[in-house]
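**Student:** This one is protein-v1.tsv, TSV, C-alpha atoms.
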chain	number	residue	atom	x	y	z
A	1	ASP	CA	0.00	0.00	0.00
A	2	ALA	CA	2.72	2.45	-1.01
A	3	GLY	CA	4.04	2.88	2.54
A	4	ILE	CA	0.76	3.98	4.08
A	5	THR	CA	-0.66	2.61	7.30
A	6	GLN	CA	-3.91	3.45	9.04
A	7	SER	CA	-4.83	2.87	12.65
A	8	PRO	CA	-6.98	1.50	14.01
A	9	ARG	CA	-8.17	-0.80	11.24
A	10	HIS	CA	-11.49	-1.40	12.94
A	11	LYS	CA	-13.30	0.56	15.62
A	12	VAL	CA	-16.71	0.45	17.25
A	13	THR	CA	-17.69	3.49	19.27
A	14	GLU	CA	-20.79	5.02	20.80
A	15	THR	CA	-22.66	8.08	19.63
A	16	GLY	CA	-21.28	11.25	21.14
A	17	THR	CA	-17.75	10.00	21.81
A	18	PRO	CA	-14.68	11.54	20.18
A	19	VAL	CA	-12.72	9.39	17.75
A	20	THR	CA	-9.31	9.93	16.14
A	21	LEU	CA	-8.06	8.01	13.14
A	22	ARG	CA	-4.40	8.08	12.19
A	23	CYS	CA	-2.70	7.91	8.83
A	24	HIS	CA	1.05	7.39	8.65
A	25	GLN	CA	3.18	7.47	5.50
A	26	THR	CA	6.81	6.63	4.85
A	27	GLU	CA	6.93	8.12	1.32
A	28	ASN	CA	7.57	11.75	2.35
A	29	HIS	CA	4.72	12.85	0.05
A	30	ARG	CA	3.50	16.39	0.50
A	31	TYR	CA	-0.23	15.83	-0.01
A	32	MET	CA	-2.44	13.71	2.22
A	33	TYR	CA	-6.18	13.15	2.04
A	34	TRP	CA	-9.00	11.64	4.05
A	35	TYR	CA	-11.93	10.02	2.25
A	36	ARG	CA	-14.99	8.12	3.35
A	37	GLN	CA	-16.54	5.35	1.28
A	38	ASP	CA	-20.21	4.50	1.54
A	39	PRO	CA	-22.39	2.27	-0.65
A	40	GLY	CA	-23.94	4.24	-3.49
A	41	HIS	CA	-21.72	7.29	-2.93
A	42	GLY	CA	-18.26	6.31	-3.97
A	43	LEU	CA	-15.26	7.90	-2.32
A	44	ARG	CA	-15.87	11.39	-0.97
A	45	LEU	CA	-13.20	13.79	0.18
A	46	ILE	CA	-13.40	14.93	3.81
A	47	HIS	CA	-10.25	17.01	4.26
A	48	TYR	CA	-6.84	17.24	2.68
A	49	SER	CA	-3.44	18.62	3.60
A	50	TYR	CA	-0.89	20.28	1.33
A	51	GLY	CA	1.85	20.53	3.94
A	52	VAL	CA	2.57	20.54	7.64
A	53	LYS	CA	-0.15	22.54	9.38
A	54	ASP	CA	-1.76	23.34	5.99
A	55	THR	CA	-5.18	21.80	5.56
A	56	ASP	CA	-8.40	22.48	3.69
A	57	LYS	CA	-11.96	21.21	3.58
A	58	GLY	CA	-13.35	18.73	1.12
A	59	GLU	CA	-16.82	17.85	-0.03
A	60	VAL	CA	-18.09	16.34	3.25
A	61	SER	CA	-16.13	18.07	6.02
A	62	ASP	CA	-18.94	18.82	8.51
A	63	GLY	CA	-18.37	17.02	11.81
A	64	TYR	CA	-14.70	16.30	11.06
A	65	SER	CA	-11.45	18.04	11.86
A	66	VAL	CA	-7.87	17.23	10.88
A	67	SER	CA	-4.36	17.98	11.99
A	68	ARG	CA	-0.94	17.52	10.49
A	69	SER	CA	1.99	18.34	12.76
A	70	LYS	CA	4.52	16.17	10.89
A	71	THR	CA	4.90	15.31	7.21
A	72	GLU	CA	4.28	11.65	7.86
A	73	ASP	CA	1.14	11.85	10.02
A	74	PHE	CA	-2.37	13.07	9.21
A	75	LEU	CA	-5.04	12.74	11.88
A	76	LEU	CA	-8.80	12.73	11.36
A	77	THR	CA	-10.97	13.53	14.39
A	78	LEU	CA	-14.67	13.08	14.84
A	79	GLU	CA	-15.38	15.45	17.71
A	80	SER	CA	-18.68	13.80	18.63
A	81	ALA	CA	-19.38	10.71	16.57
A	82	THR	CA	-22.83	10.19	15.04
A	83	SER	CA	-24.36	7.12	13.40
A	84	SER	CA	-24.16	8.87	10.01
A	85	GLN	CA	-20.37	8.74	10.34
A	86	THR	CA	-20.38	4.95	10.26
A	87	SER	CA	-18.26	4.30	7.19
A	88	VAL	CA	-14.97	3.05	5.84
A	89	TYR	CA	-12.31	5.75	5.98
A	90	PHE	CA	-9.37	5.83	3.61
A	91	CYS	CA	-6.23	7.89	3.73
A	92	ALA	CA	-4.45	8.72	0.49
A	93	ILE	CA	-1.15	10.38	-0.39
A	94	SER	CA	0.17	12.11	-3.48
A	95	PRO	CA	3.56	13.58	-4.28
A	96	LEU	CA	1.99	16.58	-5.98
A	97	MET	CA	-1.44	18.15	-6.29
A	98	GLY	CA	-2.95	18.39	-9.71
A	99	ALA	CA	-3.08	15.54	-12.12
A	100	TYR	CA	-0.90	13.19	-10.16
A	101	GLU	CA	-2.42	9.98	-8.89
A	102	GLN	CA	-3.19	9.21	-5.28
A	103	TYR	CA	-2.13	6.11	-3.38
A	104	PHE	CA	-4.47	4.72	-0.79
A	105	GLY	CA	-4.06	3.11	2.60
A	106	PRO	CA	-5.83	-0.08	3.71
A	107	GLY	CA	-8.76	1.73	5.34
A	108	THR	CA	-10.42	1.96	8.76
A	109	ARG	CA	-13.88	0.53	9.29
A	110	LEU	CA	-15.69	2.70	11.85
A	111	THR	CA	-19.02	1.76	13.36
A	112	VAL	CA	-20.89	4.27	15.52
A	113	THR	CA	-23.63	2.66	17.62
B	1	GLU	CA	-20.84	20.62	-11.20
B	2	ASP	CA	-18.12	18.03	-11.69
B	3	GLN	CA	-19.60	14.57	-11.96
B	4	VAL	CA	-18.55	10.99	-12.69
B	5	THR	CA	-20.90	8.15	-13.67
B	6	GLN	CA	-19.79	4.55	-14.13
B	7	SER	CA	-21.64	1.79	-15.92
B	8	PRO	CA	-22.62	-0.92	-15.58
B	9	GLU	CA	-22.85	-1.17	-11.79
B	10	ALA	CA	-22.06	-4.86	-11.97
B	11	LEU	CA	-20.74	-7.14	-14.69
B	12	ARG	CA	-20.36	-10.91	-14.79
B	13	LEU	CA	-18.10	-12.40	-17.44
B	14	GLN	CA	-16.98	-15.87	-18.32
B	15	GLU	CA	-13.23	-16.36	-18.23
B	16	GLY	CA	-11.87	-15.22	-21.58
B	17	GLU	CA	-14.95	-13.13	-22.45
B	18	SER	CA	-13.71	-9.61	-23.25
B	19	SER	CA	-15.74	-6.52	-22.35
B	20	SER	CA	-15.55	-2.82	-21.49
B	21	LEU	CA	-16.40	-0.67	-18.50
B	22	ASN	CA	-17.57	2.91	-18.99
B	23	CYS	CA	-16.80	6.11	-17.10
B	24	SER	CA	-18.69	9.23	-18.20
B	25	TYR	CA	-17.58	12.53	-16.76
B	26	THR	CA	-18.54	16.18	-16.65
B	27	VAL	CA	-15.82	18.55	-15.53
B	28	SER	CA	-14.95	22.17	-16.11
B	29	GLY	CA	-11.69	21.32	-17.82
B	30	LEU	CA	-10.09	17.91	-17.30
B	31	ARG	CA	-6.75	17.81	-15.56
B	32	GLY	CA	-6.64	14.04	-15.29
B	33	LEU	CA	-8.76	10.88	-15.28
B	34	PHE	CA	-7.75	7.98	-13.05
B	35	TRP	CA	-8.63	4.29	-12.93
B	36	TYR	CA	-8.31	2.25	-9.75
B	37	ARG	CA	-8.93	-1.36	-8.81
B	38	GLN	CA	-10.39	-2.16	-5.39
B	39	ASP	CA	-10.50	-5.62	-3.85
B	40	PRO	CA	-12.94	-6.35	-1.00
B	41	GLY	CA	-11.72	-4.97	2.32
B	42	LYS	CA	-8.77	-3.14	0.77
B	43	GLY	CA	-7.91	0.35	-0.41
B	44	PRO	CA	-8.06	1.32	-4.07
B	45	GLU	CA	-5.02	0.38	-6.10
B	46	PHE	CA	-3.88	2.81	-8.79
B	47	LEU	CA	-4.01	1.53	-12.39
B	48	PHE	CA	-3.83	4.38	-14.94
B	49	THR	CA	-3.85	8.14	-15.42
B	50	LEU	CA	-5.12	9.66	-18.69
B	51	TYR	CA	-4.65	13.34	-19.41
B	52	SER	CA	-6.11	14.13	-22.82
B	53	ALA	CA	-8.59	12.82	-25.38
B	54	GLY	CA	-7.12	10.13	-27.59
B	55	GLU	CA	-4.69	8.89	-24.96
B	56	GLU	CA	-4.47	5.15	-24.25
B	57	LYS	CA	-2.69	3.19	-21.52
B	58	GLU	CA	-2.23	-0.59	-21.19
B	59	LYS	CA	-1.34	-2.96	-18.40
B	60	GLU	CA	-1.55	-6.70	-18.89
B	61	ARG	CA	-5.16	-7.47	-19.87
B	62	LEU	CA	-6.38	-3.92	-19.20
B	63	LYS	CA	-6.47	-1.00	-21.61
B	64	ALA	CA	-7.82	2.44	-20.76
B	65	THR	CA	-8.93	4.96	-23.37
B	66	LEU	CA	-10.17	8.54	-23.11
B	67	THR	CA	-12.47	10.78	-25.14
B	68	LYS	CA	-13.72	14.27	-24.31
B	69	LYS	CA	-16.74	12.88	-22.47
B	70	GLU	CA	-15.88	9.38	-21.32
B	71	SER	CA	-13.28	6.77	-20.63
B	72	PHE	CA	-13.38	3.05	-21.24
B	73	LEU	CA	-11.55	0.29	-19.43
B	74	HIS	CA	-11.26	-2.61	-21.82
B	75	ILE	CA	-10.62	-6.03	-20.35
B	76	THR	CA	-9.28	-8.59	-22.80
B	77	ALA	CA	-9.61	-12.31	-22.06
B	78	PRO	CA	-10.23	-11.74	-18.33
B	79	LYS	CA	-9.22	-14.21	-15.66
B	80	PRO	CA	-10.89	-14.86	-12.29
B	81	GLU	CA	-8.16	-12.82	-10.57
B	82	ASP	CA	-9.40	-9.75	-12.45
B	83	SER	CA	-12.54	-9.87	-10.31
B	84	ALA	CA	-12.71	-6.60	-8.34
B	85	THR	CA	-14.46	-3.25	-8.27
B	86	TYR	CA	-13.03	-0.77	-10.76
B	87	LEU	CA	-13.23	2.91	-9.83
B	88	CYS	CA	-12.91	5.95	-12.04
B	89	ALA	CA	-12.00	9.43	-10.76
B	90	VAL	CA	-11.45	12.85	-12.34
B	91	ARG	CA	-9.62	15.98	-11.35
B	92	SER	CA	-10.72	19.25	-12.91
B	93	ASN	CA	-8.69	22.36	-13.63
B	94	THR	CA	-10.61	24.25	-10.95
B	95	GLY	CA	-10.68	23.33	-7.30
B	96	ASN	CA	-8.56	20.82	-5.45
B	97	GLN	CA	-10.76	17.75	-5.38
B	98	PHE	CA	-10.86	14.39	-7.07
B	99	TYR	CA	-14.36	13.14	-7.91
B	100	PHE	CA	-14.95	9.40	-7.85
B	101	GLY	CA	-17.61	7.29	-9.50
B	102	THR	CA	-19.39	4.56	-7.57
B	103	GLY	CA	-17.54	1.83	-9.43
B	104	THR	CA	-18.23	-1.26	-11.51
B	105	SER	CA	-18.13	-4.59	-9.71
B	106	LEU	CA	-16.59	-7.15	-12.05
B	107	THR	CA	-16.91	-10.90	-11.50
B	108	VAL	CA	-15.06	-13.28	-13.79
B	109	ILE	CA	-16.36	-16.83	-13.65
B	110	PRO	CA	-13.94	-19.72	-14.32
Would you write out, as structure tokens, the structure that this file holds?
**Tutor:**
Amino acid sequence: DAGITQSPRHKVTETGTPVTLRCHQTENHRYMYWYRQDPGHGLRLIHYSYGVKDTDKGEVSDGYSVSRSKTEDFLLTLESATSSQTSVYFCAISPLMGAYEQYFGPGTRLTVT
Amino acid sequence: EDQVTQSPEALRLQEGESSSLNCSYTVSGLRGLFWYRQDPGKGPEFLFTLYSAGEEKEKERLKATLTKKESFLHITAPKPEDSATYLCAVRSNTGNQFYFGTGTSLTVIP
């Protein structure tokens, strides 16, 4: 998976609890992304980062925040998890923005009960 | 609004039976079109990038082509190990997002 790990791989949590997902890369790529994948919707961008401490919102950012304090780590936080955030979350990396392809991690399956 | 539509949603082929998957897109200026393969329980795996109409890329039994409105992923003499979901994505010249289709689930029967 192109030197990308995600943790945890599976998590079950209760509504209202905070949750943090971690993405770690060993490729030294500048760009990192968080997506969620739901049946019938395809992959949808939550947030992305174009450098340390530089982040921006994606298509479905409400209820999520991110942080990037080091090149290799990109954290996704659900401040107060809701059942609608039950999904599979994927991290992706890219050496450059623009036309360049993204490489995806193995995913985190999150269930909010 | 940038949009990607893939068809069919699902496709069952006999081993050796060639076919094509379609990705139709609407973007305000195409910067790139991407094909990915996704196996169950795994992240998408990059296959091809196409940049302009008329471009073609090949990898083993797969060949991707691009026109101004759509892309095709041609699968020649597929094998059971080609069974997966194939995703298409586009990046436009405006904005910073990639837009993904919902994928085509391909099953190749021995």
**Student:** Would you list which chain A residues are within 9 Å of chain B using only C-alpha atoms, as JSON, numbers by chain?
**Tutor:** {"A": [1, 39, 40, 41, 42, 43, 44, 45, 48, 58, 59, 90, 91, 97, 98, 99, 100, 101, 102, 103, 104, 105, 106, 107]}
**Student:** Could you put an axis-aligned box around every listed atom of range 52-59 of chain A, padded by 8 Å on each side, and send me its centre and edge lengths in Å to one decimal, as JSON?
**Tutor:**
{"center_x": -7.1, "center_y": 20.6, "center_z": 4.7, "size_x": 35.4, "size_y": 21.5, "size_z": 25.4}
**Student:** What lies within 12 Å of Ser84 in chain A using all atoms listed in the file, ignoring chain neighbours under 4 positions off, as a tab-separated table (two decimals) with C-alpha atoms, in the frame of the given file?
**Tutor:**
chain	number	residue	atom	x	y	z
A	14	GLU	CA	-20.79	5.02	20.80
A	15	THR	CA	-22.66	8.08	19.63
A	16	GLY	CA	-21.28	11.25	21.14
A	36	ARG	CA	-14.99	8.12	3.35
A	38	ASP	CA	-20.21	4.50	1.54
A	60	VAL	CA	-18.09	16.34	3.25
A	62	ASP	CA	-18.94	18.82	8.51
A	63	GLY	CA	-18.37	17.02	11.81
A	78	LEU	CA	-14.67	13.08	14.84
A	80	SER	CA	-18.68	13.80	18.63
A	88	VAL	CA	-14.97	3.05	5.84
A	110	LEU	CA	-15.69	2.70	11.85
A	111	THR	CA	-19.02	1.76	13.36
A	112	VAL	CA	-20.89	4.27	15.52
A	113	THR	CA	-23.63	2.66	17.62
**Student:** Please, what distance in Å, to one decimal, runs between CA of Pro8 in chain A and CA of Ala81 in chain A?
**Tutor:**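 According to the coordinates, CA of Pro8 in chain A and CA of Ala81 in chain A are separated by 15.7 Å.
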**Student:** Using only C-alpha atoms, which of B:Ala53, B:Val27, B:Leu13, B:Leu62 sits nearest Tyr86 in chain B?
**Tutor:**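 The answer is B:Leu62, which sits nearest to Tyr86 in chain B.
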**Student:** Restricting the calculation to all atoms listed in the file: of A:Ser87, A:Thr5, A:Ser67, A:Thr55, which residue gets closest to Glu27 in chain A?
**Tutor:**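 Going through A:Ser87, A:Thr5, A:Ser67, A:Thr55 one by one, the smallest distance to Glu27 in chain A is for A:Thr5.
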**Student:** Any idea what's packed within 6 Å of Ser18 in chain B, counting all atoms listed in the file, ignoring anything in its chain fewer than 5 positions away? Could you give it as a list of chain:residue names?
**Tutor:**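 My reading of the contact set: B:Ile75, B:Thr76, B:Ala77.
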**Student:** Take the residues just selected and output them with C-alpha atoms as a CSV table (one decimal), in the coordinates of the input.
**Tutor:**
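This went into out_22.csv:
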chain,number,residue,atom,x,y,z
B,75,ILE,CA,-10.6,-6.0,-20.4
B,76,THR,CA,-9.3,-8.6,-22.8
B,77,ALA,CA,-9.6,-12.3,-22.1
**Student:** Could you tell me, as JSON, numbers by chain, which residues have any atom at most 7 Å from (1.3, 7.1, 3.3), counting all atoms listed in the file?
**Tutor:** {"A": [2, 3, 4, 5, 23, 24, 25, 26, 27, 92, 93, 105]}
**Student:** Please compute the CA of Lys69 in chain B-CA of Ser20 in chain B distance, one decimal, in Å.
**Tutor:**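 CA of Ser20 in chain B lies 15.8 Å from CA of Lys69 in chain B.
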**Student:** With only C-alpha atoms counted, which protein, DNA or RNA residues have an atom no more than 9 Å from (-7.4, 1.8, -21.6) in the file frame? Please answer as a list of chain:residue names.
**Tutor:** B:Phe48, B:Leu50, B:Glu55, B:Glu56, B:Lys57, B:Glu58, B:Lys59, B:Leu62, B:Lys63, B:Ala64, B:Thr65, B:Leu66, B:Ser71, B:Phe72, B:Leu73, B:His74, B:Ile75
**Student:** Save out the residues we just selected, C-alpha atoms, as a PDB file, keeping the file's coordinate frame.
**Tutor:**
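Generated output (result20.pdb):
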ATOM      1  CA  PHE B  48      -3.830   4.380 -14.940  1.00  0.00           C
ATOM      2  CA  LEU B  50      -5.120   9.660 -18.690  1.00  0.00           C
ATOM      3  CA  GLU B  55      -4.690   8.890 -24.960  1.00  0.00           C
ATOM      4  CA  GLU B  56      -4.470   5.150 -24.250  1.00  0.00           C
ATOM      5  CA  LYS B  57      -2.690   3.190 -21.520  1.00  0.00           C
ATOM      6  CA  GLU B  58      -2.230  -0.590 -21.190  1.00  0.00           C
ATOM      7  CA  LYS B  59      -1.340  -2.960 -18.400  1.00  0.00           C
ATOM      8  CA  LEU B  62      -6.380  -3.920 -19.200  1.00  0.00           C
ATOM      9  CA  LYS B  63      -6.470  -1.000 -21.610  1.00  0.00           C
ATOM     10  CA  ALA B  64      -7.820   2.440 -20.760  1.00  0.00           C
ATOM     11  CA  THR B  65      -8.930   4.960 -23.370  1.00  0.00           C
ATOM     12  CA  LEU B  66     -10.170   8.540 -23.110  1.00  0.00           C
ATOM     13  CA  SER B  71     -13.280   6.770 -20.630  1.00  0.00           C
ATOM     14  CA  PHE B  72     -13.380   3.050 -21.240  1.00  0.00           C
ATOM     15  CA  LEU B  73     -11.550   0.290 -19.430  1.00  0.00           C
ATOM     16  CA  HIS B  74     -11.260  -2.610 -21.820  1.00  0.00           C
ATOM     17  CA  ILE B  75     -10.620  -6.030 -20.350  1.00  0.00           C
TER      18      ILE B  75
END
**Student:** Quick check, in Å to one decimal: how far apart do CA of Thr5 in chain B and CA of Gln38 in chain B lie?
**Tutor:** 16.9 Å
**Student:** For Arg109 in chain A, work out the shell of residues within 8 Å, counting only C-alpha atoms and skipping chain neighbours fewer than 3 positions away, then give it as JSON, numbers by chain.
**Tutor:** {"A": [9, 10, 11, 86, 87, 88, 89]}
**Student:** Which residue is closest to Asp54 in chain A? Choose from A:Gln6, A:Arg30, A:Thr13, A:Thr77 and count only C-alpha atoms.
**Tutor:**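 Checking each of A:Gln6, A:Arg30, A:Thr13, A:Thr77 against Asp54 in chain A, counting only C-alpha atoms, the winner is A:Arg30.
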**Student:** Using all atoms listed in the file, find the one residue out of B:Asn22, B:Glu1, B:Gly16, B:Ser52 that sits nearest to Pro110 in chain B.
**Tutor:** B:Gly16
**Student:** Applying 10 Å and only C-alpha atoms, which residues near Glu79 in chain A remain after dropping the ones on its own chain fewer than 3 positions away? List them as number ranges by chain.
**Tutor:** A: 16-20, 63-65, 76, 82
**Student:** Can I get a file of range 54-66 of chain B from the given structure, all heavy atoms kept, as a JSON list (two decimals), in the first residue's frame?
**Tutor:**
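Printed below is selection.json as written:
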[["chain", "number", "residue", "atom", "x", "y", "z"],
["B", 54, "GLY", "N", -7.93, 10.89, -26.64],
["B", 54, "GLY", "CA", -7.12, 10.13, -27.59],
["B", 54, "GLY", "C", -6.02, 9.32, -26.93],
["B", 54, "GLY", "O", -5.43, 8.43, -27.54],
["B", 55, "GLU", "N", -5.75, 9.60, -25.68],
["B", 55, "GLU", "CA", -4.69, 8.89, -24.96],
["B", 55, "GLU", "C", -5.13, 7.48, -24.60],
["B", 55, "GLU", "O", -6.30, 7.25, -24.30],
["B", 55, "GLU", "CB", -4.30, 9.66, -23.71],
["B", 55, "GLU", "CG", -3.05, 9.14, -23.02],
["B", 55, "GLU", "CD", -2.64, 10.03, -21.85],
["B", 55, "GLU", "OE1", -3.33, 11.04, -21.60],
["B", 55, "GLU", "OE2", -1.63, 9.71, -21.20],
["B", 56, "GLU", "N", -4.20, 6.54, -24.62],
["B", 56, "GLU", "CA", -4.47, 5.15, -24.25],
["B", 56, "GLU", "C", -3.33, 4.66, -23.37],
["B", 56, "GLU", "O", -2.18, 5.04, -23.55],
["B", 56, "GLU", "CB", -4.57, 4.25, -25.48],
["B", 56, "GLU", "CG", -5.68, 4.61, -26.44],
["B", 56, "GLU", "CD", -5.76, 3.67, -27.63],
["B", 56, "GLU", "OE1", -4.85, 2.83, -27.79],
["B", 56, "GLU", "OE2", -6.73, 3.76, -28.40],
["B", 57, "LYS", "N", -3.70, 3.81, -22.39],
["B", 57, "LYS", "CA", -2.69, 3.19, -21.52],
["B", 57, "LYS", "C", -3.04, 1.70, -21.39],
["B", 57, "LYS", "O", -4.22, 1.34, -21.35],
["B", 57, "LYS", "CB", -2.69, 3.83, -20.13],
["B", 57, "LYS", "CG", -2.26, 5.30, -20.11],
["B", 57, "LYS", "CD", -0.79, 5.43, -19.86],
["B", 57, "LYS", "CE", -0.34, 6.89, -19.83],
["B", 57, "LYS", "NZ", -0.59, 7.53, -18.53],
["B", 58, "GLU", "N", -2.02, 0.86, -21.30],
["B", 58, "GLU", "CA", -2.23, -0.59, -21.19],
["B", 58, "GLU", "C", -1.43, -1.17, -20.05],
["B", 58, "GLU", "O", -0.33, -0.72, -19.73],
["B", 58, "GLU", "CB", -1.80, -1.29, -22.49],
["B", 58, "GLU", "CG", -2.75, -1.14, -23.63],
["B", 58, "GLU", "CD", -2.39, -2.04, -24.80],
["B", 58, "GLU", "OE1", -2.51, -3.27, -24.67],
["B", 58, "GLU", "OE2", -1.97, -1.50, -25.83],
["B", 59, "LYS", "N", -2.02, -2.20, -19.44],
["B", 59, "LYS", "CA", -1.34, -2.96, -18.40],
["B", 59, "LYS", "C", -1.92, -4.35, -18.39],
["B", 59, "LYS", "O", -3.08, -4.54, -18.03],
["B", 59, "LYS", "CB", -1.52, -2.30, -17.04],
["B", 59, "LYS", "CG", -0.86, -3.00, -15.89],
["B", 59, "LYS", "CD", -1.11, -2.24, -14.59],
["B", 59, "LYS", "CE", -0.45, -2.93, -13.41],
["B", 59, "LYS", "NZ", -0.69, -2.20, -12.14],
["B", 60, "GLU", "N", -1.12, -5.30, -18.81],
["B", 60, "GLU", "CA", -1.55, -6.70, -18.89],
["B", 60, "GLU", "C", -2.84, -6.81, -19.71],
["B", 60, "GLU", "O", -2.86, -6.45, -20.88],
["B", 60, "GLU", "CB", -1.70, -7.29, -17.49],
["B", 60, "GLU", "CG", -0.39, -7.34, -16.74],
["B", 60, "GLU", "CD", -0.52, -7.91, -15.33],
["B", 60, "GLU", "OE1", -1.66, -8.19, -14.90],
["B", 60, "GLU", "OE2", 0.52, -8.07, -14.68],
["B", 61, "ARG", "N", -3.92, -7.26, -19.13],
["B", 61, "ARG", "CA", -5.16, -7.47, -19.87],
["B", 61, "ARG", "C", -6.06, -6.23, -19.90],
["B", 61, "ARG", "O", -7.16, -6.26, -20.42],
["B", 61, "ARG", "CB", -5.94, -8.65, -19.25],
["B", 61, "ARG", "CG", -5.22, -9.98, -19.38],
["B", 61, "ARG", "CD", -5.99, -11.09, -18.67],
["B", 61, "ARG", "NE", -5.99, -10.91, -17.22],
["B", 61, "ARG", "CZ", -4.97, -11.21, -16.45],
["B", 61, "ARG", "NH1", -3.85, -11.69, -16.97],
["B", 61, "ARG", "NH2", -5.05, -11.02, -15.13],
["B", 62, "LEU", "N", -5.60, -5.14, -19.31],
["B", 62, "LEU", "CA", -6.38, -3.92, -19.20],
["B", 62, "LEU", "C", -5.87, -2.84, -20.15],
["B", 62, "LEU", "O", -4.67, -2.64, -20.30],
["B", 62, "LEU", "CB", -6.32, -3.38, -17.77],
["B", 62, "LEU", "CG", -6.85, -4.29, -16.67],
["B", 62, "LEU", "CD1", -6.66, -3.62, -15.31],
["B", 62, "LEU", "CD2", -8.31, -4.63, -16.89],
["B", 63, "LYS", "N", -6.82, -2.13, -20.76],
["B", 63, "LYS", "CA", -6.47, -1.00, -21.61],
["B", 63, "LYS", "C", -7.47, 0.11, -21.35],
["B", 63, "LYS", "O", -8.68, -0.11, -21.44],
["B", 63, "LYS", "CB", -6.52, -1.40, -23.08],
["B", 63, "LYS", "CG", -6.21, -0.27, -24.05],
["B", 63, "LYS", "CD", -6.28, -0.78, -25.49],
["B", 63, "LYS", "CE", -6.02, 0.31, -26.49],
["B", 63, "LYS", "NZ", -6.10, -0.21, -27.88],
["B", 64, "ALA", "N", -6.98, 1.30, -21.04],
["B", 64, "ALA", "CA", -7.82, 2.44, -20.76],
["B", 64, "ALA", "C", -7.71, 3.43, -21.90],
["B", 64, "ALA", "O", -6.62, 3.70, -22.40],
["B", 64, "ALA", "CB", -7.43, 3.10, -19.45],
["B", 65, "THR", "N", -8.88, 3.97, -22.30],
["B", 65, "THR", "CA", -8.93, 4.96, -23.37],
["B", 65, "THR", "C", -9.73, 6.16, -22.88],
["B", 65, "THR", "O", -10.53, 6.06, -21.94],
["B", 65, "THR", "CB", -9.56, 4.39, -24.63],
["B", 65, "THR", "OG1", -10.93, 3.99, -24.34],
["B", 65, "THR", "CG2", -8.79, 3.18, -25.14],
["B", 66, "LEU", "N", -9.53, 7.30, -23.55],
["B", 66, "LEU", "CA", -10.17, 8.54, -23.11],
["B", 66, "LEU", "C", -10.66, 9.35, -24.31],
["B", 66, "LEU", "O", -9.95, 9.51, -25.31],
["B", 66, "LEU", "CB", -9.17, 9.39, -22.32],
["B", 66, "LEU", "CG", -9.67, 10.72, -21.77],
["B", 66, "LEU", "CD1", -10.76, 10.49, -20.71],
["B", 66, "LEU", "CD2", -8.52, 11.53, -21.18]]
